[in-house]
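Asker: Quick one: the structure is below, and I'll ask about it shortly.
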Amino acid sequence: MKVLVVFFAFGATACAITIAALIFPGGWIELVWRLNPEARIGFQGMGPALSVLLMTVVGMAGAGVAFGLAKCRP
């Protein structure tokens, strides 16, 4: 169970970092796009509002699952 909590918490954290990189382009956060340059192109094609919204929904879902599993709630 702890492995799933860590997995979903990591996913939520990755979403938060991606949202920061989309909202504040440039600077040190740009290093995240070196991991997956195709993702940047894909998010730019979606448009800034839709890509941030998508990542927010996915991140909140992952955080909710991690929190629920950590509290052992169904």
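Note on naming: chains are A, B, ... as they come in the structure tokens, residues start from 1 per chain, ligands start from 1 in the order shown.
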Need to verify the contact set: range 16-31 of chain A, 8 Å, only C-alpha atoms, exclusion of same-chain residues closer than 5 positions in sequence. Can you return it as a ChimeraX atom specification?
Answerer: /A:48,52,55-56,59
Asker: As an exercise, work out the distance from CA of Gly42 in chain A to CA of Val5 in chain A in Å and give it to one decimal place.
Answerer: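 Between these atoms lies a distance of 28.1 Å.
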Asker: Identify, on the basis of only C-alpha atoms, every residue whose closest approach to Cys72 in chain A does not exceed 10 Å; exclude the query and any residue fewer than 5 positions from it along the same chain; express the result as a count of residues only.
Answerer: 3
Asker: Expressed in Å to a single decimal, how great is the separation between CA of Phe7 in chain A and CA of Gly45 in chain A?
Answerer: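 These atoms are spaced 27.9 Å apart.
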Asker: What is the distance between CA of Val58 in chain A and CA of Thr13 in chain A, in Å to one decimal?
Answerer: 10.6 Å
Asker: Have a look at A:Leu4, A:Ala9, A:Cys15, A:Leu35 and name the one nearest to Gly64 in chain A; count only C-alpha atoms.
Answerer: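 Between A:Leu4, A:Ala9, A:Cys15, A:Leu35, the residue approaching Gly64 in chain A most closely is A:Ala9.
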Asker: Under the rule that only C-alpha atoms are counted, which of A:Ala61, A:Val32, A:Leu54, A:Ala70 is the nearest residue to Gly11 in chain A?
Answerer: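 Selected residue with least distance to Gly11 in chain A: A:Ala61.
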Asker: I need the residues of chain A that end up classed as alpha helix (DSSP H) by DSSP on the backbone, written out as a PyMOL selection string.
Answerer: chain A and resi 2-23+37-46+48-70
